[in-house]
Protein chains: 2
Amino acid sequence: MANAQIVTHGDVVTLPKPLQLDCGQQLEGVQIAYEAYGELSAARDNAVLIAHALTGDHHVASPHPITGKPGWWTRMVGPGKPIDTDRFHVICANVLGSCMGSTGPASPAPDGEPYGMRFPVITIRDMVRAQIGLLDLLGIERLHAVVGGSMGGMQALSLAANFPERTAASLVIAATAKHSAQNIAFHEVGRQAIMADPAWREGKYYQNDPNAKKGGPEKGLAVARMAAHITYLSEAGLTDKFGRRLQDRAEKTFGFDADFQVESYLRYQGISFSDRFDANSYLYITRAMDYFDLAEEHGGLLADAFASSQTRYFLVSFDTDWLYPTAESRAIVHALNAAGAPVSFVELPAPYGHDSFLLDVPELDTLVSGFLNQ
Amino acid sequence: MANAQIVTHGDVVTLPKPLQLDCGQQLEGVQIAYEAYGELSAARDNAVLIAHALTGDHHVASPHPITGKPGWWTRMVGPGKPIDTDRFHVICANVLGSCMGSTGPASPAPDGEPYGMRFPVITIRDMVRAQIGLLDLLGIERLHAVVGGSMGGMQALSLAANFPERTAASLVIAATAKHSAQNIAFHEVGRQAIMADPAWREGKYYQNDPNAKKGGPEKGLAVARMAAHITYLSEAGLTDKFGRRLQDRAEKTFGFDADFQVESYLRYQGISFSDRFDANSYLYITRAMDYFDLAEEHGGLLADAFASSQTRYFLVSFDTDWLYPTAESRAIVHALNAAGAPVSFVELPAPYGHDSFLLDVPELDTLVSGFLNQ
């Protein structure tokens with residue numbers, strides 16, 4: 001199965017209508033980069049939208065065109081896989097504000113220069129509006145399901161809550177209905193690390209090349225990534241993976257090199273991230289996540305976000321996820337119950353922390369497949 | 001009682017003998033800044049040594065001479081307080097490697113220039129050796145007790161394990177016998193933030209003024225402090241204190257100002273810290289903490305660190321401390337049990353996370369007082 005040909009369409013489309021944003025501004029000529037796998041049925045009723053996480057992209061099940069790395073969810077998406085491309089037409093779009101082909105701060109503003117920090121501050125709901133714009137263009141009125149983990153789960157929630165007629169089901173993995181003080185705090189550390197880097201230059205580091213990711217605040221972005229990366233892993237997972245083991249040496253050096261494997265690993269994570277990601281996009285997307293509070297958007301009561309919803313919901317949390325702990329999913333389930341919406345919920349045991357949604361958790365595969373094939 | 005006069009001696013002394021360090025080097029002319037409270041008994045047997053945490057100082061119960069702020073543990077130390085200066089002669093010394101008066105990277109090397117990164121990498125045991133050097137100078141052969149929280153607790157452990165004849169008791173609060181992979185990871189983020197700041201200049205930022213804390217990598221140090229500060233507080237504590245409340249505004253600004261109170265708080269923590277602390281000291285002291293592994297120092301088995309110990313131990317952990325969780329204290333208790341050492345242990349409920357040892361936890365006062373007066 002793994003070697004079967006996956007039908008793939010990749011494209012960058014321009015939304016015909018201006019995108020009305022939560023901040024009050026409009027964005028014209030929004031471009032959305034997306035990929036699609038599997039055939040759309042004649043009734044156009046088998047589409048599954050996958051929403052990616054903070055630093056993800058639309059290459060969900062095909063190799064990244066630049067890095068050559070496999071898609072980020074190949075274990076989940078493909079022929080015969082839990083999100084089965086033999087059955088479903090799977091779509092994944094790069095989110096608004098990102099840097100992988102969709103419009104973001106590195107894109108040219110109407111004056112032809114990169115937006116930089118002139119890009120409007122966007123929200124998770126704005127990202128979802130862009131996804132809906134793409135579905136309109138593709139002629140998909142109603143999704144079979146929207147699926148996402150982490151920030152993708154926030155979008156899956158927001159889409160089902162704000163556009164309930166556009167999806168029959170919403171699968172929300174390792175997510176939350178609002179960012180906590182601790183979540184905001186970690187993101188603020190990352191933003192301050194970027195903005196403290198003199199190479200950030202108030203976001204004007206593109207030097208006439210909107211695609212340039214080098215030459216910007218690489219060091220600050222690397223530090224931001226390092227701090228965030230710790231939150232994606234469980235304490236026990238870090239101990240299992242690295243413990244206090246030394247990196248390619250028998251003794252501590254009594255210096256500031258990466259003596260410990262965990263230091264070496266984190267440094268690598270930071271450096272490789274700043275090679276592939278735009279620092280301004282990191283600022284904007286973390287801001288969107290921090291602003292996310294689905295209850296607040298609906299008058300303060302989370303249940304009201306799901307009023308008269310016909311959408312089927314499924315929530316999955318991981319017992320070692322301390323970024324968005326199970327209590328956050330439970331709060332959503334309680335609100336859905338209060339709204340009378342159909343919902344299932346499972347907390348899965350997994351040793352890896354928040355990143356479990358991307359990793360080898362066979363029970364997750366079974367649950368995803370079961371939910372989509374109901 | 002709070003207004004009673006506390007007898008205070010403050011001094012900076014020079015150790016007469018070179019300090020032999022774990023790295024193999026020797027440090028000559030080590031200066032130790034300390035304060036003392038209460039009278040030393042004629043038998044010289046009522047001394048209590050308090051060891052401070054990563055960013056602490058020796059002003060444990062008297063106002064800081066520069067900031068004017070009260071001592072960092074006035075709630076615990078003073079006449080009639082749990083560490084009763086009417087009964088005990090209380091000593092607190094600035095740790096080796098710090099920047100509050102004891103020898104550290106900002107101090108002049110033998111060539112007259114600040115050490116900077118030429119300062120040797122030190123360990124917790126080296127800090128303890130400096131404390132023992134101070135006790136030798138003061139003519140105190142045996143402490144009534146050594147007491148410390150966080151890194152102070154590591155020193156209390158290390159002193160009792162490595163110099164068991166020098167203390168009758170050891171009170172270890174919110175500490176660990178070794179830094180975990182996650183502990184190291186957070187410190188490494190901080191070090192990389194400092195080293196990424198161009199103003200760090202490989203540690204050569206003192207500009208001929210060994211006491212200058214301004215003009216160095218202030219932004220990097222502020223980011224380091226922000227990341228660390230999150231680990232000192234519990235998730236629930238952050239939510240109680242800040243939640244998603246906005247800072248002096250009714251609406252989100254759709255910008256990158258500190259919209260949320262938690263952002264404003266963290267930024268303040270970072271900036272005020274870089275006003276008072278030396279970045280190179282932060283590098284060296286975090287390295288000492290990361291290197292700390294009391295079992296490794298004693299052949300790999302923690303119980304061997306306490307072999308034939310006559311010292312009474314008391315360990316306290318806090319249920320919301322995720323930096324050094326209760327399991328870390330329990331591992332020490334098990335090793336002490338295996339070594340046949342007398343030990344008591346309490347996990348206290350407290351909402352504040354790791355910082356609980358500094359905050360208002362009345363049960364802690366009772367326990368400390370009870371242990372010292374046994």
# chains A, B, ... in the order shown; residues from 1 in each chain; ligands from 1
$ interface_residues --of "chain A" --to "chain B" --cutoff "8 Å" --atoms "only C-alpha atoms" --output "PyMOL selection string"
chain A and resi 23+120-122+179-182+184-186+188-189+192-193+196-197+219-220+223+226-227+230+235+238-239+242-244+254-256+262-263+266+287
$ write_last_selection --atoms "N, CA and C atoms" --output "tab-separated table (two decimals), in the first residue's frame"
chain	number	residue	atom	x	y	z
A	23	CYS	N	-9.43	41.71	12.56
A	23	CYS	CA	-8.88	43.00	13.00
A	23	CYS	C	-9.60	44.17	12.35
A	120	PRO	N	-1.37	42.46	8.41
A	120	PRO	CA	-2.32	42.58	9.53
A	120	PRO	C	-2.21	41.39	10.49
A	121	VAL	N	-2.45	41.66	11.77
A	121	VAL	CA	-2.48	40.56	12.74
A	121	VAL	C	-3.73	39.73	12.47
A	122	ILE	N	-3.52	38.44	12.28
A	122	ILE	CA	-4.60	37.54	11.89
A	122	ILE	C	-4.98	36.64	13.07
A	179	HIS	N	-5.90	29.65	24.33
A	179	HIS	CA	-4.53	29.57	24.82
A	179	HIS	C	-4.49	30.00	26.28
A	180	SER	N	-3.80	29.20	27.09
A	180	SER	CA	-3.66	29.51	28.52
A	180	SER	C	-2.56	30.55	28.72
A	181	ALA	N	-2.49	31.07	29.95
A	181	ALA	CA	-1.42	32.01	30.29
A	181	ALA	C	-0.05	31.40	30.03
A	182	GLN	N	0.11	30.12	30.37
A	182	GLN	CA	1.41	29.47	30.14
A	182	GLN	C	1.70	29.33	28.64
A	184	ILE	N	0.62	31.33	26.26
A	184	ILE	CA	0.97	32.67	25.81
A	184	ILE	C	2.40	33.01	26.23
A	185	ALA	N	2.73	32.64	27.46
A	185	ALA	CA	4.06	32.97	28.00
A	185	ALA	C	5.17	32.35	27.15
A	186	PHE	N	5.02	31.09	26.81
A	186	PHE	CA	6.07	30.45	26.00
A	186	PHE	C	6.18	31.13	24.62
A	188	GLU	N	5.44	34.19	23.95
A	188	GLU	CA	6.01	35.53	24.12
A	188	GLU	C	7.53	35.45	24.25
A	189	VAL	N	8.03	34.42	24.91
A	189	VAL	CA	9.49	34.21	24.96
A	189	VAL	C	10.05	34.11	23.54
A	192	GLN	N	9.94	37.49	21.75
A	192	GLN	CA	10.96	38.41	22.26
A	192	GLN	C	12.35	37.98	21.79
A	193	ALA	N	12.57	36.68	21.68
A	193	ALA	CA	13.86	36.21	21.18
A	193	ALA	C	14.07	36.67	19.74
A	196	ALA	N	14.50	40.52	19.69
A	196	ALA	CA	15.77	40.95	20.30
A	196	ALA	C	16.94	40.79	19.34
A	197	ASP	N	16.74	40.02	18.28
A	197	ASP	CA	17.83	39.80	17.33
A	197	ASP	C	17.95	41.03	16.43
A	219	LYS	N	19.18	33.61	14.48
A	219	LYS	CA	19.55	33.18	15.83
A	219	LYS	C	18.37	33.32	16.78
A	220	GLY	N	17.67	34.44	16.67
A	220	GLY	CA	16.50	34.64	17.53
A	220	GLY	C	15.43	33.60	17.25
A	223	VAL	N	16.35	30.28	18.81
A	223	VAL	CA	16.07	30.25	20.25
A	223	VAL	C	14.57	30.07	20.49
A	226	MET	N	13.73	26.50	19.93
A	226	MET	CA	14.23	25.65	21.01
A	226	MET	C	13.28	25.68	22.21
A	227	ALA	N	12.87	26.89	22.58
A	227	ALA	CA	11.97	27.02	23.74
A	227	ALA	C	10.66	26.30	23.46
A	230	ILE	N	10.71	22.33	23.50
A	230	ILE	CA	10.65	21.66	24.81
A	230	ILE	C	9.19	21.39	25.19
A	235	GLU	N	8.30	15.44	29.68
A	235	GLU	CA	9.51	15.34	30.50
A	235	GLU	C	10.04	13.91	30.46
A	238	LEU	N	11.66	13.15	27.09
A	238	LEU	CA	13.01	13.71	26.99
A	238	LEU	C	14.01	12.86	27.78
A	239	THR	N	13.56	12.40	28.94
A	239	THR	CA	14.45	11.58	29.77
A	239	THR	C	14.74	10.25	29.07
A	242	PHE	N	16.98	11.14	25.87
A	242	PHE	CA	18.31	11.73	26.07
A	242	PHE	C	18.88	11.52	27.47
A	243	GLY	N	18.03	11.60	28.47
A	243	GLY	CA	18.53	11.54	29.84
A	243	GLY	C	19.66	12.54	30.03
A	244	ARG	N	20.72	12.10	30.69
A	244	ARG	CA	21.90	12.95	30.87
A	244	ARG	C	23.05	12.43	30.02
A	254	PHE	N	33.72	20.55	30.71
A	254	PHE	CA	33.86	21.78	31.51
A	254	PHE	C	33.95	23.01	30.60
A	255	GLY	N	33.04	23.06	29.66
A	255	GLY	CA	32.94	24.19	28.74
A	255	GLY	C	31.49	24.40	28.36
A	256	PHE	N	31.27	25.16	27.30
A	256	PHE	CA	29.91	25.49	26.91
A	256	PHE	C	29.51	24.88	25.57
A	262	VAL	N	20.88	16.23	24.73
A	262	VAL	CA	19.68	17.05	24.62
A	262	VAL	C	20.03	18.46	24.16
A	263	GLU	N	21.22	18.94	24.51
A	263	GLU	CA	21.65	20.26	24.03
A	263	GLU	C	21.90	20.23	22.53
A	266	LEU	N	18.60	20.03	20.66
A	266	LEU	CA	17.86	21.30	20.64
A	266	LEU	C	18.52	22.31	19.70
A	287	ARG	N	0.96	34.71	17.38
A	287	ARG	CA	0.01	35.71	17.86
A	287	ARG	C	-1.43	35.23	17.63
$ select_by_dssp --residues "segment 202-298 of chain B" --states "alpha helix (DSSP H)" --output "PyMOL selection string"
chain B and resi 218-232+235-241+261-276+279-291+294-297
$ residues_around --residues "Asp84 of chain B" --least-positions-apart "5" --cutoff "12 Å" --atoms "only C-alpha atoms" --output "list in words"
Met1, Ala2, Ile6, Val7, Tyr37, Gly38, Glu39, Asn46, Ala47, Val48, Ala61, Thr74, Arg75, Met76, Val77, Gly78, Pro79, His89, Val90, Asp365, Val368, Ser369, Gly370, Leu372 and Asn373 of chain B
$ write_last_selection --atoms "N, CA and C atoms" --output "PDB file, in the first residue's frame"
ATOM      1  N   MET B   1       7.880  41.586  66.345  1.00  0.00           N
ATOM      2  CA  MET B   1       9.089  40.831  66.031  1.00  0.00           C
ATOM      3  C   MET B   1       9.700  41.329  64.715  1.00  0.00           C
ATOM      4  N   ALA B   2       8.832  41.633  63.767  1.00  0.00           N
ATOM      5  CA  ALA B   2       9.339  41.994  62.447  1.00  0.00           C
ATOM      6  C   ALA B   2      10.187  43.260  62.507  1.00  0.00           C
ATOM      7  N   ILE B   6      17.982  43.228  63.857  1.00  0.00           N
ATOM      8  CA  ILE B   6      18.709  41.986  63.584  1.00  0.00           C
ATOM      9  C   ILE B   6      20.189  42.316  63.562  1.00  0.00           C
ATOM     10  N   VAL B   7      20.934  41.572  64.320  1.00  0.00           N
ATOM     11  CA  VAL B   7      22.382  41.778  64.279  1.00  0.00           C
ATOM     12  C   VAL B   7      22.895  41.295  62.928  1.00  0.00           C
ATOM     13  N   TYR B  37      23.654  36.894  60.585  1.00  0.00           N
ATOM     14  CA  TYR B  37      22.589  37.430  61.441  1.00  0.00           C
ATOM     15  C   TYR B  37      22.587  36.637  62.746  1.00  0.00           C
ATOM     16  N   GLY B  38      22.374  37.319  63.846  1.00  0.00           N
ATOM     17  CA  GLY B  38      22.310  36.620  65.133  1.00  0.00           C
ATOM     18  C   GLY B  38      23.709  36.332  65.663  1.00  0.00           C
ATOM     19  N   GLU B  39      23.798  36.009  66.930  1.00  0.00           N
ATOM     20  CA  GLU B  39      25.093  35.829  67.585  1.00  0.00           C
ATOM     21  C   GLU B  39      25.564  34.380  67.472  1.00  0.00           C
ATOM     22  N   ASN B  46      25.926  26.934  66.870  1.00  0.00           N
ATOM     23  CA  ASN B  46      24.553  27.316  66.492  1.00  0.00           C
ATOM     24  C   ASN B  46      24.489  27.986  65.117  1.00  0.00           C
ATOM     25  N   ALA B  47      25.456  27.682  64.258  1.00  0.00           N
ATOM     26  CA  ALA B  47      25.463  28.333  62.939  1.00  0.00           C
ATOM     27  C   ALA B  47      24.574  27.581  61.945  1.00  0.00           C
ATOM     28  N   VAL B  48      23.787  28.345  61.217  1.00  0.00           N
ATOM     29  CA  VAL B  48      22.956  27.804  60.142  1.00  0.00           C
ATOM     30  C   VAL B  48      23.399  28.477  58.849  1.00  0.00           C
ATOM     31  N   ALA B  61      18.178  38.392  54.611  1.00  0.00           N
ATOM     32  CA  ALA B  61      17.198  38.967  55.551  1.00  0.00           C
ATOM     33  C   ALA B  61      17.444  40.446  55.807  1.00  0.00           C
ATOM     34  N   THR B  74      13.124  37.130  54.066  1.00  0.00           N
ATOM     35  CA  THR B  74      12.789  37.776  55.344  1.00  0.00           C
ATOM     36  C   THR B  74      11.623  37.073  56.024  1.00  0.00           C
ATOM     37  N   ARG B  75      10.779  36.417  55.232  1.00  0.00           N
ATOM     38  CA  ARG B  75       9.663  35.713  55.861  1.00  0.00           C
ATOM     39  C   ARG B  75      10.134  34.488  56.652  1.00  0.00           C
ATOM     40  N   MET B  76      11.342  34.040  56.364  1.00  0.00           N
ATOM     41  CA  MET B  76      11.838  32.807  56.995  1.00  0.00           C
ATOM     42  C   MET B  76      12.923  33.085  58.031  1.00  0.00           C
ATOM     43  N   VAL B  77      13.665  34.185  57.852  1.00  0.00           N
ATOM     44  CA  VAL B  77      14.859  34.440  58.669  1.00  0.00           C
ATOM     45  C   VAL B  77      14.690  35.728  59.472  1.00  0.00           C
ATOM     46  N   GLY B  78      14.840  35.646  60.770  1.00  0.00           N
ATOM     47  CA  GLY B  78      14.757  36.842  61.618  1.00  0.00           C
ATOM     48  C   GLY B  78      14.425  36.441  63.043  1.00  0.00           C
ATOM     49  N   PRO B  79      14.345  37.413  63.920  1.00  0.00           N
ATOM     50  CA  PRO B  79      14.039  37.102  65.316  1.00  0.00           C
ATOM     51  C   PRO B  79      12.642  36.506  65.435  1.00  0.00           C
ATOM     52  N   HIS B  89      22.945  31.562  64.635  1.00  0.00           N
ATOM     53  CA  HIS B  89      23.845  32.448  63.900  1.00  0.00           C
ATOM     54  C   HIS B  89      23.695  32.066  62.421  1.00  0.00           C
ATOM     55  N   VAL B  90      23.013  32.904  61.670  1.00  0.00           N
ATOM     56  CA  VAL B  90      22.649  32.567  60.290  1.00  0.00           C
ATOM     57  C   VAL B  90      23.633  33.223  59.327  1.00  0.00           C
ATOM     58  N   ASP B 365       6.966  27.067  56.926  1.00  0.00           N
ATOM     59  CA  ASP B 365       7.539  27.733  58.110  1.00  0.00           C
ATOM     60  C   ASP B 365       7.541  26.779  59.307  1.00  0.00           C
ATOM     61  N   VAL B 368      10.145  23.960  58.830  1.00  0.00           N
ATOM     62  CA  VAL B 368      11.530  24.422  58.947  1.00  0.00           C
ATOM     63  C   VAL B 368      11.861  24.661  60.415  1.00  0.00           C
ATOM     64  N   SER B 369      10.968  25.365  61.090  1.00  0.00           N
ATOM     65  CA  SER B 369      11.172  25.642  62.510  1.00  0.00           C
ATOM     66  C   SER B 369      11.279  24.343  63.305  1.00  0.00           C
ATOM     67  N   GLY B 370      10.383  23.415  63.035  1.00  0.00           N
ATOM     68  CA  GLY B 370      10.396  22.148  63.760  1.00  0.00           C
ATOM     69  C   GLY B 370      11.687  21.383  63.540  1.00  0.00           C
ATOM     70  N   LEU B 372      14.699  22.557  62.635  1.00  0.00           N
ATOM     71  CA  LEU B 372      15.888  23.218  63.186  1.00  0.00           C
ATOM     72  C   LEU B 372      15.908  23.164  64.706  1.00  0.00           C
ATOM     73  N   ASN B 373      14.737  23.039  65.311  1.00  0.00           N
ATOM     74  CA  ASN B 373      14.666  23.057  66.765  1.00  0.00           C
ATOM     75  C   ASN B 373      14.565  21.664  67.369  1.00  0.00           C
TER      76      ASN B 373
END
$ select_by_dssp --residues "segment 54-237 of chain B" --states "strand (DSSP E)" --output "ChimeraX atom specification"
/B:77-78,83-84,89-93,145-149,169-173
$ residues_around --residues "segment 138-152 of chain A" --least-positions-apart "5" --cutoff "6 Å" --atoms "only C-alpha atoms" --output "JSON, numbers by chain"
{"A": [46, 47, 48, 49, 50, 51, 52, 53, 54, 166, 167, 168, 169, 170, 171, 172, 173, 174, 175]}
$ closest_residue --among "A:Val333, A:Ala42, A:Ala338, A:Ala130" --to "Thr14 of chain A" --atoms "only C-alpha atoms"
A:Ala130
$ residues_around --residues "Pro18 of chain B" --least-positions-apart "6" --cutoff "7 Å" --atoms "only C-alpha atoms" --output "ChimeraX atom specification"
/B:26-29
$ closest_residue --among "B:Leu135, B:Cys92, B:Leu21, B:Leu359" --to "Thr8 of chain B" --atoms "only C-alpha atoms"
B:Cys92
$ residues_around --residues "Ser329 of chain A" --least-positions-apart "4" --cutoff "10 Å" --atoms "only C-alpha atoms" --output "ChimeraX atom specification"
/A:172-177,315-318,324-325,333-335,345-347
$ closest_residue --among "B:Ser62, B:Ser107, B:Gln20, B:Ser41" --to "Gly133 of chain B" --atoms "only C-alpha atoms"
B:Gln20
$ decode --residues "segment 205-256 of chain B" --atoms "C-alpha atoms" --output "tab-separated table (two decimals), in the first residue's frame"
chain	number	residue	atom	x	y	z
B	205	TYR	CA	31.49	43.02	27.32
B	206	TYR	CA	32.76	44.41	30.61
B	207	GLN	CA	34.60	47.32	29.04
B	208	ASN	CA	37.07	47.64	31.88
B	209	ASP	CA	34.38	47.91	34.50
B	210	PRO	CA	34.04	44.56	36.28
B	211	ASN	CA	30.85	45.69	37.97
B	212	ALA	CA	29.13	46.84	34.81
B	213	LYS	CA	25.98	44.86	34.22
B	214	LYS	CA	24.69	47.25	31.58
B	215	GLY	CA	26.00	47.24	28.07
B	216	GLY	CA	26.23	43.46	27.93
B	217	PRO	CA	23.80	41.04	26.30
B	218	GLU	CA	20.83	42.49	28.15
B	219	LYS	CA	18.25	41.40	25.58
B	220	GLY	CA	19.53	37.85	25.42
B	221	LEU	CA	19.68	37.66	29.20
B	222	ALA	CA	16.12	38.98	29.44
B	223	VAL	CA	14.90	36.25	27.08
B	224	ALA	CA	16.79	33.65	29.12
B	225	ARG	CA	15.14	34.90	32.29
B	226	MET	CA	11.69	34.89	30.69
B	227	ALA	CA	12.03	31.25	29.61
B	228	ALA	CA	13.34	30.23	33.03
B	229	HIS	CA	10.70	32.20	34.88
B	230	ILE	CA	7.92	30.18	33.28
B	231	THR	CA	9.43	27.04	34.79
B	232	TYR	CA	9.35	28.57	38.28
B	233	LEU	CA	5.56	28.91	38.23
B	234	SER	CA	2.83	26.33	37.96
B	235	GLU	CA	0.44	26.33	35.02
B	236	ALA	CA	-2.47	26.76	37.44
B	237	GLY	CA	-0.62	29.54	39.26
B	238	LEU	CA	-0.12	31.42	36.00
B	239	THR	CA	-3.78	30.95	35.15
B	240	ASP	CA	-4.90	32.20	38.57
B	241	LYS	CA	-2.55	35.17	38.47
B	242	PHE	CA	-3.04	36.24	34.85
B	243	GLY	CA	-5.33	33.98	32.89
B	244	ARG	CA	-6.08	35.68	29.58
B	245	ARG	CA	-6.59	39.09	31.18
B	246	LEU	CA	-5.49	42.08	29.15
B	247	GLN	CA	-2.96	44.65	30.33
B	248	ASP	CA	-4.45	48.14	30.78
B	249	ARG	CA	-6.69	47.84	27.74
B	250	ALA	CA	-10.25	46.76	27.02
B	251	GLU	CA	-9.60	45.06	23.69
B	252	LYS	CA	-6.82	43.19	21.99
B	253	THR	CA	-4.81	45.62	19.85
B	254	PHE	CA	-4.14	43.27	16.93
B	255	GLY	CA	-0.47	44.10	17.31
B	256	PHE	CA	2.63	42.87	19.08
